[in-house]
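Structure first, commentary second.
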Amino acid sequence: MKRVLVATGGGDCPGLNAVMRGVVKRASQEKDWEVVGSINAYDGILKEPTEIMVLDDKTVAGIHKDGGTIIGTTNKGGPFAWPYKNKDGIWEAVDRSDEMIRKLQYLGVDAVISIGGDGSQRISQQLYEKGLNIIGVPKTIDNDLSATDFTFGFQTAVQIATEAVDRLVTTAASHNRVLVLEVMGRYAGWIALHAAIAGGAEVCLIPEIPYDIEKVVKKLNSRFNKGKGNAIVVIAEGAIPKGGSLLSEVSDEVGYENVRLGGVAHKLVHDLKSIGFEADMRETVLGHLQRGGTPTAYDRILATQFGVKAFEMVLNEEYGKMVAYRHPNIIAVPFKEAIDRPNFVDPNCDMVKTAKGVGISFGD
């Protein structure tokens with residue numbers, strides 16, 4: 001039997017299970033292939049004893065509708081930066097990539113399918129350069145990979161954010177308040193932009209368009225008359241005021257390299273009050289609700305397409321490439337193209353023009 005190993009890396013994302021199910025269902029049509037999963041990304045291979053599990057039709061039955069990932073995931077460490085505490089009690093990063101590749105060979109793994117975002121696919125490229133037969137599947141709710149039109153998980157995150165706006169509208173109207181909703185996205189404003197349009201927000205603040213607080217106030221004031229009125233502001237966690245800086249902090253978690261974003265909703269409310277905006281305001285941070293729970297039908301379908309395509313790329317030995325969606329086709333692109341540049345919101349794109357066309361202010 002030939003063996004393909006699946007790993008899910010980075011943050012969890014609605015649709016991960018549907019990808020694995022797609023891989024397994026397609027592989028089951030071949031008589032000489034077995035699918036296994038590495039527990040918690042590559043940790044399952046690097047740990048002793050090894051932690052892998054067989055993925056077959058019985059294992060993946062019905063999981064396409066479930067959030068999360070049945071084999072677990074992690075966004076810490078990895079084969080090129082494995083956290084290790086030395087004799088002095090100081091944590092260091094150790095390169096265990098060669099060891100991992102040898103272990104995969106020992107386990108009879110013929111190919112690897114890595115499901116992950118930008119960071120995971122950069123690791124995939126490095127492993128490919130070391131000779132590993134590896135294929136990538138793009139995964140991120142942020143939709144910030146330029147090589148693919150959409151990533152699975154994004155539409156689910158937008159749906160959850162939109163439902164949050166819908167609920168905030170009623171309480172904002174009841175109390176004559178401005179309610180500020182902070183959503184994820186890191187350095188890309190796609191979730192905020194889509195949710196603002198779908199939910200009918202008055203203001204949308206995204207990283208790609210630094211905002212002028214005075215213009216935000218002007219828009220909000222237009223929603224109030226003699227103290228009565230309401231407004232919704234959707235703000236991406238990476239949003240930046242003009243002349244300001246990114247609100248972030250360095251994590252103290254061992255092996256976690258990304259800076260933590262967040263707190264922009266609280267800061268916006270504080271800044272609005274400090275310049276004299278008098279309406280009652282509250283902030284809501286949606287947080288990990290956007291990443292958990294049942295994936296939408298769209299994401300289940302896209303994830304399944306990605307899973308089937310990934311295994312067919314294994315059959316065709318199209319290694320060193322990542323699955324991508326280029327409407328209306330599911331294609332393969334080289335890792336280097338996939339990680340070459342992020343997918344940010346173009347301030348002049350049609351989506352931004354649509355938002356401005358319905359009166360949404362970006363504070364610009």
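Every chain in the structure tokens takes a letter, A first, then B, and so on in the order presented; its residues are numbered from 1, and the ligands are numbered from 1 following the presented order.
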9 Å contact set for range 140-143 of chain A, only C-alpha atoms, chain neighbours under 6 positions out, as number ranges by chain = A: 10-14, 116-118, 149-158, 184-191, 290-291, 343-344
Where in range 45-180 of chain A does DSSP assign alpha helix (DSSP H), given as JSON, numbers by chain?
-> {"A": [45, 46, 57, 58, 59, 60, 97, 98, 99, 100, 101, 102, 103, 104, 105, 106, 118, 119, 120, 121, 122, 123, 124, 125, 126, 127, 128, 129, 154, 155, 156, 157, 158, 159, 160, 161, 162, 163, 164, 165, 166, 167, 168, 169, 170, 171, 172, 173, 174, 175]}
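CA of Ile330 in chain A to CA of Val24 in chain A spans 17.9 Å [interatomic distance, one decimal].
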In terms of only C-alpha atoms, the residue from A:Ser222, A:Thr69, A:Asn329, A:Thr294 at minimal distance from Ile160 in chain A is A:Thr294
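Of the residues listed (A:Gly262, A:Gly68, A:Gly78, A:Gly276), A:Gly78 shows the shortest atom-to-atom separation from Ile45 in chain A; distances use only C-alpha atoms.
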If we count only C-alpha atoms, what is near Ser248 in chain A at a cut-off of 10 Å, once residues fewer than 3 positions away on the same chain are taken out, given as a VMD selection string?
-> chain A and resid 237 to 238 245 251 258 to 264
Create the file for the chosen residues now, containing all heavy atoms and written as a PDB file, in the first residue's frame.
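Below is the file that was written, result_38.pdb:
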ATOM      1  N   GLU A 237      -9.348  43.790  13.122  1.00  0.00           N
ATOM      2  CA  GLU A 237      -8.376  43.811  14.210  1.00  0.00           C
ATOM      3  C   GLU A 237      -7.060  44.478  13.819  1.00  0.00           C
ATOM      4  O   GLU A 237      -6.309  44.925  14.692  1.00  0.00           O
ATOM      5  CB  GLU A 237      -8.100  42.396  14.704  1.00  0.00           C
ATOM      6  CG  GLU A 237      -7.509  41.469  13.651  1.00  0.00           C
ATOM      7  CD  GLU A 237      -7.330  40.043  14.145  1.00  0.00           C
ATOM      8  OE1 GLU A 237      -7.612  39.779  15.334  1.00  0.00           O
ATOM      9  OE2 GLU A 237      -6.916  39.173  13.340  1.00  0.00           O
ATOM     10  N   GLY A 238      -6.790  44.578  12.508  1.00  0.00           N
ATOM     11  CA  GLY A 238      -5.552  45.209  12.056  1.00  0.00           C
ATOM     12  C   GLY A 238      -5.733  46.644  11.597  1.00  0.00           C
ATOM     13  O   GLY A 238      -4.807  47.228  11.015  1.00  0.00           O
ATOM     14  N   SER A 245      -0.319  53.462  14.660  1.00  0.00           N
ATOM     15  CA  SER A 245       0.420  52.213  14.461  1.00  0.00           C
ATOM     16  C   SER A 245      -0.479  51.025  14.772  1.00  0.00           C
ATOM     17  O   SER A 245      -1.544  51.162  15.382  1.00  0.00           O
ATOM     18  CB  SER A 245       1.658  52.179  15.359  1.00  0.00           C
ATOM     19  OG  SER A 245       1.293  52.311  16.727  1.00  0.00           O
ATOM     20  N   SER A 251       3.515  37.688  21.733  1.00  0.00           N
ATOM     21  CA  SER A 251       3.061  36.601  22.597  1.00  0.00           C
ATOM     22  C   SER A 251       4.218  36.058  23.433  1.00  0.00           C
ATOM     23  O   SER A 251       5.365  36.011  22.985  1.00  0.00           O
ATOM     24  CB  SER A 251       2.457  35.471  21.749  1.00  0.00           C
ATOM     25  OG  SER A 251       2.179  34.348  22.553  1.00  0.00           O
ATOM     26  N   ASN A 258       3.711  34.567  15.851  1.00  0.00           N
ATOM     27  CA  ASN A 258       2.870  35.675  15.388  1.00  0.00           C
ATOM     28  C   ASN A 258       2.594  36.669  16.504  1.00  0.00           C
ATOM     29  O   ASN A 258       2.414  36.285  17.661  1.00  0.00           O
ATOM     30  CB  ASN A 258       1.531  35.144  14.866  1.00  0.00           C
ATOM     31  CG  ASN A 258       1.685  34.286  13.636  1.00  0.00           C
ATOM     32  OD1 ASN A 258       2.570  34.521  12.822  1.00  0.00           O
ATOM     33  ND2 ASN A 258       0.843  33.281  13.498  1.00  0.00           N
ATOM     34  N   VAL A 259       2.548  37.946  16.141  1.00  0.00           N
ATOM     35  CA  VAL A 259       2.113  38.947  17.109  1.00  0.00           C
ATOM     36  C   VAL A 259       0.606  38.826  17.275  1.00  0.00           C
ATOM     37  O   VAL A 259      -0.106  38.389  16.363  1.00  0.00           O
ATOM     38  CB  VAL A 259       2.485  40.378  16.665  1.00  0.00           C
ATOM     39  CG1 VAL A 259       3.983  40.545  16.590  1.00  0.00           C
ATOM     40  CG2 VAL A 259       1.824  40.725  15.336  1.00  0.00           C
ATOM     41  N   ARG A 260       0.124  39.183  18.435  1.00  0.00           N
ATOM     42  CA  ARG A 260      -1.316  39.112  18.698  1.00  0.00           C
ATOM     43  C   ARG A 260      -1.948  40.463  18.419  1.00  0.00           C
ATOM     44  O   ARG A 260      -1.523  41.494  18.957  1.00  0.00           O
ATOM     45  CB  ARG A 260      -1.572  38.709  20.154  1.00  0.00           C
ATOM     46  CG  ARG A 260      -1.331  37.229  20.422  1.00  0.00           C
ATOM     47  CD  ARG A 260      -1.764  36.870  21.825  1.00  0.00           C
ATOM     48  NE  ARG A 260      -1.756  35.435  22.028  1.00  0.00           N
ATOM     49  CZ  ARG A 260      -2.057  34.851  23.188  1.00  0.00           C
ATOM     50  NH1 ARG A 260      -2.384  35.593  24.223  1.00  0.00           N
ATOM     51  NH2 ARG A 260      -2.030  33.544  23.295  1.00  0.00           N
ATOM     52  N   LEU A 261      -2.952  40.447  17.562  1.00  0.00           N
ATOM     53  CA  LEU A 261      -3.683  41.670  17.246  1.00  0.00           C
ATOM     54  C   LEU A 261      -4.963  41.715  18.074  1.00  0.00           C
ATOM     55  O   LEU A 261      -5.484  40.682  18.494  1.00  0.00           O
ATOM     56  CB  LEU A 261      -4.020  41.711  15.754  1.00  0.00           C
ATOM     57  CG  LEU A 261      -2.847  41.564  14.768  1.00  0.00           C
ATOM     58  CD1 LEU A 261      -3.351  41.717  13.340  1.00  0.00           C
ATOM     59  CD2 LEU A 261      -1.760  42.568  15.054  1.00  0.00           C
ATOM     60  N   GLY A 262      -5.485  42.896  18.247  1.00  0.00           N
ATOM     61  CA  GLY A 262      -6.751  43.020  18.968  1.00  0.00           C
ATOM     62  C   GLY A 262      -6.765  44.236  19.871  1.00  0.00           C
ATOM     63  O   GLY A 262      -5.730  44.849  20.156  1.00  0.00           O
ATOM     64  N   GLY A 263      -7.969  44.609  20.284  1.00  0.00           N
ATOM     65  CA  GLY A 263      -8.129  45.766  21.156  1.00  0.00           C
ATOM     66  C   GLY A 263      -8.493  47.034  20.423  1.00  0.00           C
ATOM     67  O   GLY A 263      -8.641  48.104  21.029  1.00  0.00           O
ATOM     68  N   VAL A 264      -8.656  46.936  19.094  1.00  0.00           N
ATOM     69  CA  VAL A 264      -8.917  48.144  18.305  1.00  0.00           C
ATOM     70  C   VAL A 264     -10.312  48.715  18.572  1.00  0.00           C
ATOM     71  O   VAL A 264     -10.507  49.930  18.497  1.00  0.00           O
ATOM     72  CB  VAL A 264      -8.740  47.871  16.795  1.00  0.00           C
ATOM     73  CG1 VAL A 264      -7.282  47.661  16.447  1.00  0.00           C
ATOM     74  CG2 VAL A 264      -9.576  46.682  16.343  1.00  0.00           C
TER      75      VAL A 264
END
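Using only C-alpha atoms for every distance, the candidate list A:Leu247, A:Ile71, A:Ile135, A:Leu220 yields A:Ile135 as the residue closest to Phe311 in chain A.
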Close residues, Thr171 in chain A itself excluded, 12 Å, only C-alpha atoms, min 5 positions apart in chain, as a PyMOL selection string = chain A and resi 164-166+176-180+229-232+281-282
Can I get the residues of range 220-294 of chain A within 10 Å of range 212-216 of chain A, each with the closest pair of atoms and their distance in Å to one decimal, using only C-alpha atoms, sorted chain first then ascending number, as a Markdown table?
| residue | atom | partner | partner_atom | distance |
| --- | --- | --- | --- | --- |
| A:Leu220 | CA | A:Val216 | CA | 6.3 |
| A:Asn221 | CA | A:Val216 | CA | 8.6 |
| A:Val233 | CA | A:Val216 | CA | 9.4 |
| A:Ile240 | CA | A:Asp212 | CA | 9.4 |
| A:Pro241 | CA | A:Asp212 | CA | 6.1 |
| A:Lys242 | CA | A:Asp212 | CA | 5.7 |
| A:Gly243 | CA | A:Asp212 | CA | 9.0 |
| A:Leu268 | CA | A:Ile213 | CA | 8.4 |
| A:Asp271 | CA | A:Ile213 | CA | 7.8 |
| A:Leu272 | CA | A:Ile213 | CA | 7.2 |
| A:Ile275 | CA | A:Glu214 | CA | 8.4 |
| A:Phe277 | CA | A:Glu214 | CA | 9.7 |
Residues flagged strand (DSSP E) by DSSP in range 140-320 of chain A, as a PyMOL selection string | chain A and resi 177-183+203-205+224-225+228-229+231-236+248-250+259-261+280-285
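Distance check against Thr162 in chain A using only C-alpha atoms: of A:Ala192, A:Val35, A:Ile301, A:Ile113, the minimum falls on A:Ala192.
Closest approach to Val203 in chain A among A:Met100, A:Ile235, A:Leu132, A:Val137: A:Ile235, based on only C-alpha atoms.
Using only C-alpha atoms, the smallest distance between any of A:His64, A:Arg300, A:Arg96, A:His266 and Lys47 in chain A comes from A:Arg96.
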